[in-house]
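Below: entry38.cif (mmCIF, C-alpha atoms, pLDDT in the B column; chains and numbers go by the auth columns)
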data_work
#
loop_
_atom_site.group_PDB
_atom_site.id
_atom_site.type_symbol
_atom_site.label_atom_id
_atom_site.label_comp_id
_atom_site.label_asym_id
_atom_site.label_seq_id
_atom_site.Cartn_x
_atom_site.Cartn_y
_atom_site.Cartn_z
_atom_site.B_iso_or_equiv
_atom_site.auth_seq_id
_atom_site.auth_asym_id
ATOM 1 C CA MET A 1 125.205 49.689 114.510 51.00 1 A
ATOM 2 C CA VAL A 2 122.717 47.832 116.717 46.00 2 A
ATOM 3 C CA ALA A 3 121.749 51.131 118.382 47.00 3 A
ATOM 4 C CA ILE A 4 120.965 52.662 114.987 47.00 4 A
ATOM 5 C CA VAL A 5 118.794 49.711 114.003 42.00 5 A
ATOM 6 C CA LEU A 6 116.946 49.813 117.334 41.00 6 A
ATOM 7 C CA ALA A 7 116.409 53.571 117.010 42.00 7 A
ATOM 8 C CA PHE A 8 114.998 53.082 113.507 41.00 8 A
ATOM 9 C CA VAL A 9 112.664 50.303 114.687 40.00 9 A
ATOM 10 C CA ALA A 10 111.455 52.489 117.574 39.00 10 A
ATOM 11 C CA PHE A 11 110.850 55.381 115.181 38.00 11 A
ATOM 12 C CA MET A 12 108.888 53.211 112.746 40.00 12 A
ATOM 13 C CA ALA A 13 106.759 51.866 115.592 37.00 13 A
ATOM 14 C CA SER A 14 105.813 55.432 116.534 32.00 14 A
ATOM 15 C CA VAL A 15 104.727 56.415 113.005 39.00 15 A
ATOM 16 C CA ALA A 16 100.973 56.092 112.472 40.00 16 A
ATOM 17 C CA LEU A 17 100.455 53.703 109.594 49.00 17 A
ATOM 18 C CA ALA A 18 97.097 53.281 107.923 57.00 18 A
ATOM 19 C CA ALA A 19 95.461 49.915 108.214 76.00 19 A
ATOM 20 C CA ASP A 20 94.602 48.967 104.650 93.00 20 A
ATOM 21 C CA VAL A 21 90.835 48.916 104.319 96.00 21 A
ATOM 22 C CA VAL A 22 90.806 48.460 100.526 97.00 22 A
ATOM 23 C CA ARG A 23 92.578 45.572 98.787 97.00 23 A
ATOM 24 C CA ILE A 24 93.045 45.340 95.014 98.00 24 A
ATOM 25 C CA ASP A 25 92.265 41.780 93.887 98.00 25 A
ATOM 26 C CA GLU A 26 92.448 42.219 90.085 98.00 26 A
ATOM 27 C CA PRO A 27 94.377 42.995 88.109 98.00 27 A
ATOM 28 C CA THR A 28 97.298 41.455 89.964 98.00 28 A
ATOM 29 C CA ASP A 29 100.867 42.770 89.778 98.00 29 A
ATOM 30 C CA ASN A 30 102.331 42.362 86.286 98.00 30 A
ATOM 31 C CA ALA A 31 99.065 41.059 84.840 98.00 31 A
ATOM 32 C CA GLN A 32 98.978 40.808 81.042 97.00 32 A
ATOM 33 C CA LEU A 33 96.368 43.271 79.723 97.00 33 A
ATOM 34 C CA PRO A 34 95.469 43.224 76.022 95.00 34 A
ATOM 35 C CA SER A 35 94.926 46.527 74.238 95.00 35 A
ATOM 36 C CA ASN A 36 91.410 47.631 73.263 93.00 36 A
ATOM 37 C CA THR A 37 89.795 45.161 75.670 94.00 37 A
ATOM 38 C CA GLU A 38 87.399 45.583 78.568 97.00 38 A
ATOM 39 C CA ILE A 39 89.048 44.540 81.824 97.00 39 A
ATOM 40 C CA SER A 40 87.729 44.226 85.365 97.00 40 A
ATOM 41 C CA PHE A 41 88.896 46.048 88.447 97.00 41 A
ATOM 42 C CA LYS A 42 88.065 43.754 91.359 98.00 42 A
ATOM 43 C CA TYR A 43 88.645 45.038 94.852 98.00 43 A
ATOM 44 C CA THR A 44 87.618 44.283 98.419 98.00 44 A
ATOM 45 C CA VAL A 45 86.635 46.680 101.175 97.00 45 A
ATOM 46 C CA ILE A 46 87.942 44.994 104.323 96.00 46 A
ATOM 47 C CA GLY A 47 85.575 44.521 107.244 94.00 47 A
ATOM 48 C CA ALA A 48 87.349 46.308 110.093 92.00 48 A
ATOM 49 C CA GLN A 49 85.591 44.402 112.845 90.00 49 A
ATOM 50 C CA ALA A 50 86.268 41.058 111.167 87.00 50 A
ATOM 51 C CA ALA A 51 89.947 41.966 110.586 90.00 51 A
ATOM 52 C CA GLY A 52 90.472 43.482 114.041 90.00 52 A
ATOM 53 C CA ILE A 53 91.219 46.971 112.706 91.00 53 A
ATOM 54 C CA THR A 54 90.450 49.449 115.490 88.00 54 A
ATOM 55 C CA ASP A 55 91.050 52.727 113.654 89.00 55 A
ATOM 56 C CA ALA A 56 89.486 52.001 110.248 92.00 56 A
ATOM 57 C CA TYR A 57 88.977 55.093 108.123 94.00 57 A
ATOM 58 C CA TYR A 58 86.985 54.157 105.037 95.00 58 A
ATOM 59 C CA PRO A 59 87.269 56.338 101.932 97.00 59 A
ATOM 60 C CA ASN A 60 84.153 57.825 100.319 96.00 60 A
ATOM 61 C CA SER A 61 85.173 56.463 96.931 98.00 61 A
ATOM 62 C CA MET A 62 88.177 55.501 94.846 98.00 62 A
ATOM 63 C CA THR A 63 89.687 56.638 91.554 98.00 63 A
ATOM 64 C CA VAL A 64 91.848 54.678 89.115 98.00 64 A
ATOM 65 C CA ASP A 65 94.454 56.321 86.900 98.00 65 A
ATOM 66 C CA PHE A 66 96.232 54.622 84.008 98.00 66 A
ATOM 67 C CA GLU A 67 99.858 55.689 84.366 98.00 67 A
ATOM 68 C CA TRP A 68 102.904 55.217 82.166 98.00 68 A
ATOM 69 C CA VAL A 69 106.534 56.184 82.686 98.00 69 A
ATOM 70 C CA GLN A 70 109.183 56.386 80.012 96.00 70 A
ATOM 71 C CA ASN A 71 111.968 53.847 80.611 96.00 71 A
ATOM 72 C CA GLY A 72 115.158 55.620 81.666 94.00 72 A
ATOM 73 C CA ASN A 73 113.285 58.877 82.336 95.00 73 A
ATOM 74 C CA GLU A 74 111.311 58.391 85.563 93.00 74 A
ATOM 75 C CA SER A 75 110.485 62.115 85.647 94.00 75 A
ATOM 76 C CA ASN A 76 108.337 61.646 82.524 90.00 76 A
ATOM 77 C CA VAL A 77 105.166 60.357 84.241 95.00 77 A
ATOM 78 C CA LEU A 78 101.959 60.506 82.225 97.00 78 A
ATOM 79 C CA ARG A 79 98.472 59.452 83.297 98.00 79 A
ATOM 80 C CA PHE A 80 94.792 59.749 82.626 98.00 80 A
ATOM 81 C CA ASN A 81 91.747 58.879 84.681 98.00 81 A
ATOM 82 C CA ALA A 82 90.434 55.393 83.916 98.00 82 A
ATOM 83 C CA ALA A 83 87.616 55.320 86.499 97.00 83 A
ATOM 84 C CA SER A 84 86.297 57.553 89.244 97.00 84 A
ATOM 85 C CA SER A 85 83.717 57.467 92.020 98.00 85 A
ATOM 86 C CA LEU A 86 84.190 53.735 92.551 98.00 86 A
ATOM 87 C CA GLU A 87 82.086 52.444 95.442 97.00 87 A
ATOM 88 C CA THR A 88 83.914 51.829 98.743 97.00 88 A
ATOM 89 C CA THR A 89 81.071 51.361 101.222 95.00 89 A
ATOM 90 C CA SER A 90 81.931 48.830 103.907 94.00 90 A
ATOM 91 C CA ALA A 91 79.633 46.079 105.145 93.00 91 A
ATOM 92 C CA PRO A 92 77.439 47.236 108.064 92.00 92 A
ATOM 93 C CA ALA A 93 79.599 47.654 111.183 86.00 93 A
ATOM 94 C CA GLY A 94 82.525 46.154 109.258 87.00 94 A
ATOM 95 C CA VAL A 95 81.473 42.622 110.166 92.00 95 A
ATOM 96 C CA SER A 96 82.631 41.163 106.840 95.00 96 A
ATOM 97 C CA ASP A 97 84.531 42.002 103.680 96.00 97 A
ATOM 98 C CA LYS A 98 82.641 43.435 100.722 97.00 98 A
ATOM 99 C CA GLN A 99 83.704 42.790 97.113 98.00 99 A
ATOM 100 C CA TYR A 100 83.250 45.211 94.226 98.00 100 A
ATOM 101 C CA GLU A 101 83.891 45.125 90.500 98.00 101 A
ATOM 102 C CA ALA A 102 84.132 47.828 87.843 98.00 102 A
ATOM 103 C CA THR A 103 85.175 47.642 84.198 97.00 103 A
ATOM 104 C CA TRP A 104 87.370 49.742 81.951 97.00 104 A
ATOM 105 C CA LYS A 105 88.465 49.428 78.328 97.00 105 A
ATOM 106 C CA THR A 106 92.205 49.567 77.752 97.00 106 A
ATOM 107 C CA PRO A 107 93.461 52.009 75.100 96.00 107 A
ATOM 108 C CA ASN A 108 93.606 50.823 71.499 93.00 108 A
ATOM 109 C CA CYS A 109 96.646 49.934 69.413 89.00 109 A
ATOM 110 C CA HIS A 110 97.004 53.531 68.167 90.00 110 A
ATOM 111 C CA PHE A 111 97.700 54.671 71.743 96.00 111 A
ATOM 112 C CA PHE A 112 100.336 51.980 72.159 94.00 112 A
ATOM 113 C CA THR A 113 101.909 52.890 68.821 91.00 113 A
ATOM 114 C CA ARG A 114 102.592 56.299 70.366 94.00 114 A
ATOM 115 C CA TYR A 115 103.521 54.883 73.805 96.00 115 A
ATOM 116 C CA ASN A 116 105.225 51.625 72.872 95.00 116 A
ATOM 117 C CA PRO A 117 105.216 49.053 75.716 96.00 117 A
ATOM 118 C CA SER A 118 108.904 48.347 75.031 95.00 118 A
ATOM 119 C CA GLU A 119 109.679 52.002 75.861 96.00 119 A
ATOM 120 C CA TYR A 120 107.260 52.634 78.754 97.00 120 A
ATOM 121 C CA THR A 121 106.269 51.005 82.031 98.00 121 A
ATOM 122 C CA PHE A 122 102.511 50.918 82.723 98.00 122 A
ATOM 123 C CA SER A 123 100.528 50.731 85.948 98.00 123 A
ATOM 124 C CA LEU A 124 97.110 51.337 87.431 98.00 124 A
ATOM 125 C CA LEU A 125 97.039 53.737 90.376 98.00 125 A
ATOM 126 C CA PHE A 126 94.120 53.135 92.772 98.00 126 A
ATOM 127 C CA THR A 127 93.604 56.202 94.989 98.00 127 A
ATOM 128 C CA PRO A 128 91.170 56.236 97.930 98.00 128 A
ATOM 129 C CA VAL A 129 89.226 59.517 98.131 98.00 129 A
ATOM 130 C CA TYR A 130 88.456 60.821 101.614 96.00 130 A
ATOM 131 C CA PRO A 131 86.031 63.554 102.697 92.00 131 A
ATOM 132 C CA GLU A 132 87.275 67.028 103.503 91.00 132 A
ATOM 133 C CA LEU A 133 87.426 67.412 107.272 90.00 133 A
ATOM 134 C CA THR A 134 86.144 70.608 108.835 90.00 134 A
ATOM 135 C CA PRO A 135 88.273 72.200 111.575 91.00 135 A
ATOM 136 C CA ASN A 136 86.154 70.628 114.329 91.00 136 A
ATOM 137 C CA MET A 137 86.272 67.098 112.827 90.00 137 A
ATOM 138 C CA THR A 138 88.835 64.384 113.489 91.00 138 A
ATOM 139 C CA ALA A 139 89.520 61.447 111.207 90.00 139 A
ATOM 140 C CA PRO A 140 88.913 58.097 112.925 89.00 140 A
ATOM 141 C CA GLY A 141 92.255 56.826 111.651 90.00 141 A
ATOM 142 C CA PRO A 142 94.988 57.419 109.088 93.00 142 A
ATOM 143 C CA GLU A 143 94.173 57.547 105.374 94.00 143 A
ATOM 144 C CA GLN A 144 95.211 54.629 103.194 96.00 144 A
ATOM 145 C CA GLN A 145 97.812 55.546 100.592 97.00 145 A
ATOM 146 C CA ALA A 146 97.334 55.072 96.840 97.00 146 A
ATOM 147 C CA MET A 147 98.033 51.550 95.555 98.00 147 A
ATOM 148 C CA SER A 148 100.020 51.060 92.356 98.00 148 A
ATOM 149 C CA VAL A 149 99.550 47.876 90.335 98.00 149 A
ATOM 150 C CA PRO A 150 102.148 47.409 87.574 98.00 150 A
ATOM 151 C CA VAL A 151 100.718 45.851 84.400 98.00 151 A
ATOM 152 C CA ASN A 152 102.106 44.518 81.128 98.00 152 A
ATOM 153 C CA ILE A 153 100.386 45.510 77.895 97.00 153 A
ATOM 154 C CA ASN A 154 99.893 43.123 74.974 95.00 154 A
ATOM 155 C CA VAL A 155 99.132 45.146 71.855 92.00 155 A
ATOM 156 C CA ASN A 156 96.529 43.507 69.636 76.00 156 A
ATOM 157 C CA ASN A 157 97.491 44.639 66.132 72.00 157 A
ATOM 158 C CA GLY A 158 94.937 42.316 64.548 66.00 158 A
ATOM 159 C CA THR A 159 91.988 44.590 65.328 60.00 159 A
ATOM 160 C CA PHE A 160 90.379 46.913 62.798 56.00 160 A
ATOM 161 C CA PRO A 161 91.555 49.525 61.964 61.00 161 A
ATOM 162 C CA ARG A 162 95.035 48.107 61.833 67.00 162 A
ATOM 163 C CA CYS A 163 97.926 49.979 63.379 64.00 163 A
#

What do you get writing this file as structure tokens?
Amino acid sequence: MVAIVLAFVAFMASVALAADVVRIDEPTDNAQLPSNTEISFKYTVIGAQAAGITDAYYPNSMTVDFEWVQNGNESNVLRFNAASSLETTSAPAGVSDKQYEATWKTPNCHFFTRYNPSEYTFSLLFTPVYPELTPNMTAPGPEQQAMSVPVNINVNNGTFPRC
């Protein structure tokens, strides 16, 4: 058993993992988001030099998708684009972190009448967008994977028109 664990640890150490260069600050996991309300996406582009990241590969931009999955049917994944072309420029030479903010309006109560929060799980999927590499180009490091932030939706039925 110990040999298996050691082999797994050795394998994981050999896999190239991306150093996260983008951090999602808001919304936080399981944040309460009201329907039909403008919310902020707050995120930080990490300064590679300041954080000691030697193989930083910064994305050109970032997209955000609003995603919902039917409870008990994980194959039923639905999504739409909430924001695209979000800025991800790092501070010069990566000497410090750089904060950004963008806004988005959550869907209205009619949307959540169709996709009831008691029947679906909602999240925001932040996806770094990297440039296409030509055959003679090499990426300076591994790409950061998409970041999923689960959110809870509070439906505001008091807005006009009523649901």

| Option closest in space to Thr113 of chain A, from A:Ile153, A:Leu125, A:Ala91, A:Met147 [counting only C-alpha atoms] |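 Ranking A:Ile153, A:Leu125, A:Ala91, A:Met147 by distance to Thr113 of chain A, first place goes to A:Ile153.
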
| task | Please provide as JSON, numbers by chain all residues within 8 Å of Gln70 of chain A, with the sequence filter that same-chain residues fewer than 2 positions apart are discarded (counting all atoms listed in the file). | result | {"A": [68, 72, 73, 74, 76, 77, 119, 120, 121]}

Give me the residues within 10 Å of Thr44 of chain A as a PDB file with C-alpha atoms, keeping the file's coordinate frame, counting all atoms listed in the file and dropping any in the same chain fewer than 2 places off.
ATOM      1  CA  VAL A  21      90.835  48.916 104.319  1.00 96.00           C
ATOM      2  CA  VAL A  22      90.806  48.460 100.526  1.00 97.00           C
ATOM      3  CA  ARG A  23      92.578  45.572  98.787  1.00 97.00           C
ATOM      4  CA  ILE A  24      93.045  45.340  95.014  1.00 98.00           C
ATOM      5  CA  ASP A  25      92.265  41.780  93.887  1.00 98.00           C
ATOM      6  CA  GLU A  26      92.448  42.219  90.085  1.00 98.00           C
ATOM      7  CA  LYS A  42      88.065  43.754  91.359  1.00 98.00           C
ATOM      8  CA  ILE A  46      87.942  44.994 104.323  1.00 96.00           C
ATOM      9  CA  GLY A  47      85.575  44.521 107.244  1.00 94.00           C
ATOM     10  CA  THR A  88      83.914  51.829  98.743  1.00 97.00           C
ATOM     11  CA  SER A  90      81.931  48.830 103.907  1.00 94.00           C
ATOM     12  CA  ASP A  97      84.531  42.002 103.680  1.00 96.00           C
ATOM     13  CA  LYS A  98      82.641  43.435 100.722  1.00 97.00           C
ATOM     14  CA  GLN A  99      83.704  42.790  97.113  1.00 98.00           C
ATOM     15  CA  TYR A 100      83.250  45.211  94.226  1.00 98.00           C
ATOM     16  CA  GLU A 101      83.891  45.125  90.500  1.00 98.00           C
TER      17      GLU A 101
END

Taking the file as I've supplied it (selection: the PyMOL selection byres ((chain A and resi 79-84) around 8)), which residues are included? Please answer as a PDB file with C-alpha atoms, keeping the file's coordinate frame.
ATOM      1  CA  SER A  61      85.173  56.463  96.931  1.00 98.00           C
ATOM      2  CA  MET A  62      88.177  55.501  94.846  1.00 98.00           C
ATOM      3  CA  THR A  63      89.687  56.638  91.554  1.00 98.00           C
ATOM      4  CA  VAL A  64      91.848  54.678  89.115  1.00 98.00           C
ATOM      5  CA  ASP A  65      94.454  56.321  86.900  1.00 98.00           C
ATOM      6  CA  PHE A  66      96.232  54.622  84.008  1.00 98.00           C
ATOM      7  CA  GLU A  67      99.858  55.689  84.366  1.00 98.00           C
ATOM      8  CA  TRP A  68     102.904  55.217  82.166  1.00 98.00           C
ATOM      9  CA  VAL A  77     105.166  60.357  84.241  1.00 95.00           C
ATOM     10  CA  LEU A  78     101.959  60.506  82.225  1.00 97.00           C
ATOM     11  CA  SER A  85      83.717  57.467  92.020  1.00 98.00           C
ATOM     12  CA  LEU A  86      84.190  53.735  92.551  1.00 98.00           C
ATOM     13  CA  TRP A 104      87.370  49.742  81.951  1.00 97.00           C
TER      14      TRP A 104
END

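With all atoms listed in the file as the basis for measurement, A:Ala93 is the residue among A:Glu87, A:Asn36, A:Ala93, A:Val69 that approaches Ala56 of chain A most closely.
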
| message | Could you list, as a list in words, every residue within 12 Å of Gly94 of chain A, counting only C-alpha atoms and ignoring same-chain residues fewer than 6 positions away? | response |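 Residues meeting the cut-off are Val21, Val45, Ile46, Gly47, Ala48, Gln49, Ala50, Ala51, Gly52, Ile53, Thr54, Asp55, Ala56, Tyr57 and Tyr58 of chain A.
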
Can you list, as a compact mmCIF listing (two decimals) with C-alpha atoms, in the coordinates of the input, the residues that the PyMOL selection byres ((chain A and resi 146) around 8) selects here?
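Result file follows (result-v2.txt):
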# COMPACT_ATOMS: atom_id res chain seq x y z
CA LEU A 125 97.04 53.74 90.38
CA PHE A 126 94.12 53.14 92.77
CA THR A 127 93.60 56.20 94.99
CA PRO A 128 91.17 56.24 97.93
CA GLN A 144 95.21 54.63 103.19
CA GLN A 145 97.81 55.55 100.59
CA MET A 147 98.03 51.55 95.56
CA SER A 148 100.02 51.06 92.36

| Quick one: distance from atom CA of Thr106 of chain A to atom CA of Tyr130 of chain A in Å, one decimal? |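 Between atom CA of Thr106 of chain A and atom CA of Tyr130 of chain A the gap is 26.6 Å.
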
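Remark: for Val129 of chain A, the closest of the candidate residues A:Pro59, A:Pro117, A:Pro107, A:Gly141 is A:Pro59 (distances computed over only C-alpha atoms).
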
| field | Å distance separating atom CA of Ser96 of chain A from atom CA of Met137 of chain A, one decimal place | value |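 Atom CA of Met137 of chain A lies 26.9 Å from atom CA of Ser96 of chain A.
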
Extending 3 Å beyond the listed atoms of segment 111-116 of chain A on each side, what axis-aligned box results? I want centre and edge lengths in Å to one decimal, as lines of an AutoDock Vina configuration file.
center_x = 101.5
center_y = 54.0
center_z = 71.3
size_x = 13.5
size_y = 10.7
size_z = 11.0

| task | Mind giving me the straight-line distance from atom CA of Phe122 of chain A to atom CA of Tyr43 of chain A in Å, one decimal? | result | 19.3 Å

| task | Tell me which residues the PyMOL selection byres ((chain A and resi 33) around 10) grabs here, as JSON, numbers by chain. | result | {"A": [27, 30, 31, 32, 34, 35, 36, 37, 38, 39, 106, 151, 152, 153, 154, 155]}
